[in-house]
Amino acid sequence: MAQDETLILSPKDPSLIFKLQDPTTIEQLLENPPAVLAELLAGWFAGGNGLLAAAGCRIAQAAFKGRVFEQFAREFNDLRRRGRIPDDFNEKKYGQKSWIELLTILDEEVPDEDRLEALKAMFYSVNKINASDGERILAYQLFSIAKELSSGQLLYLKASYAVFKDRDFNPSKTTDSYLWQARVGRKVGHQVLGLLDQNERALIEHGLLTPRVLEGSAIREADAHLTDLGIKFCENIETYHIDLSGPEQ
């Protein structure tokens with residue numbers, strides 16, 4: 001193969017769709033896959049080569065997946081080293097099950113940053129040191145819920161928790177739903193009430209927010225619209241970050 005060839009197209013051999021000329025491209029790809037792949041894909045799309053673009057998408061996913069696994073492995077090993085997760089965690093209740101499910105999600109779905117944060121936090125709650133069987137059961141239920149949530153729903157939940165932590169609510173007050181969503185939207189960063197409404201209703205269905213009242217037109221401000229399950233979910237995320245950066249046990 002000539003040294004100056006940049007790509008090979010072979011309908012009979014899809015695995016040899018292209019060849020990268022510059023050997024440093026792979027290193028750059030692993031260090032910053034979104035930027036490198038965005039440039040490559042833009043060029044391929046502009047050239048009308050769908051085969052190259054499809055191959056690039058597979059490489060982008062593989063590179064991102066590798067970074068996700070590397071980050072999780074680093075955090076997991078650090079928590080074990082700090083004594084936050086027992087060495088025999090997989091022998092505990094839901095330990096092996098949550099481990100297999102999380103790795104499967106990381107491999108098959110490549111979750112975005114917000115979903116990944118929630119999944120890792122709930123996995124940690126299942127497997128952290130000295131957790132009782134009851135606590136592990138609850139944590140696994142929250143892990144199962146985290147698998148169903150979108151990033152938009154997680155942002156809404158975290159915004160509600162911020163209102164809860166700020167004590168920016170009146171426990172005895174009922175507020176029009178659109179006014180409450182506008183308050184949460186300011187923390188989320190947008191005021192698209194239709195999207196906020198969708199996210200809120202999904203969180204209600206998962207039992208993380210309290211149901212609306214007055215024929216669905218109002219919100220009870222008690223605990224910032226959060227259920228005890230929703231508060232626990234957010235506390236688990238908070239605890240995960242605290243324990244990850246805290247001192248060794």
# chains A, B, ... in the order shown; residues from 1 in each chain; ligands from 1
$ residues_around --residues "stretch 225-229 of chain A" --least-positions-apart "3" --cutoff "8 Å" --atoms "only C-alpha atoms" --output "compact mmCIF listing (two decimals) with C-alpha atoms, in the first residue's frame"
# COMPACT_ATOMS: atom_id res chain seq x y z
CA SER A 160 -35.94 20.96 42.11
CA TYR A 161 -33.38 19.70 44.60
CA GLY A 207 -42.49 8.74 41.95
CA LEU A 208 -39.74 11.34 42.27
CA LEU A 209 -42.06 14.38 42.28
CA THR A 210 -45.39 14.73 44.05
CA ILE A 219 -48.15 22.25 42.62
CA ARG A 220 -47.82 21.76 46.36
CA GLU A 221 -44.56 23.44 47.32
CA ALA A 222 -43.93 21.13 50.29
CA LYS A 232 -33.11 10.29 48.34
CA PHE A 233 -32.22 10.05 44.65
$ residues_around --residues "A:Arg183" --least-positions-apart "4" --cutoff "12 Å" --atoms "only C-alpha atoms" --output "list in words"
Tyr156, Ala159, Ser160, Ala162, Val163, Asp168, Phe169, Thr175, Asp176, Ser177, Tyr178, Leu179, Lys187, Val188, Gly189, His190, Gln191, Val192, Leu193, Leu196, Ile219, Glu221, Ala224 and His225 of chain A
$ residues_around --residues "stretch 92-105 of chain A" --least-positions-apart "4" --cutoff "9 Å" --atoms "only C-alpha atoms" --output "PyMOL selection string"
chain A and resi 69+88+109-111+119-120+123+126-127+133+136-137+140+143+147
$ closest_residue --among "A:Ala73, A:Val68, A:Ile231, A:Ile242" --to "A:Lys165" --atoms "only C-alpha atoms"
A:Ile231
$ atom_distance --atom1 "atom CA of A:Ile145" --atom2 "atom CA of A:Glu215"
26.3 Å
$ closest_residue --among "A:Ala121, A:Val213, A:Leu157, A:Ala202" --to "A:Phe72" --atoms "only C-alpha atoms"
A:Ala121
$ atom_distance --atom1 "atom CA of A:Gln71" --atom2 "atom CA of A:Leu138"
25.7 Å
$ select_by_dssp --residues "stretch 133-246 of chain A" --states "helix (DSSP H, G or I)" --output "MDAnalysis selection string"
chainID A and resid 133:148 151:165 177:188 193:205 222:225 228:245
$ closest_residue --among "A:Leu149, A:Ser125, A:Ser132, A:Ile85" --to "A:Asp112" --atoms "only C-alpha atoms"
A:Leu149
$ atom_distance --atom1 "atom CA of A:Leu195" --atom2 "atom CA of A:Asp223"
22.3 Å
$ closest_residue --among "A:Thr239, A:Gln153, A:Gln141, A:Asn130" --to "A:Ile204" --atoms "only C-alpha atoms"
A:Gln153
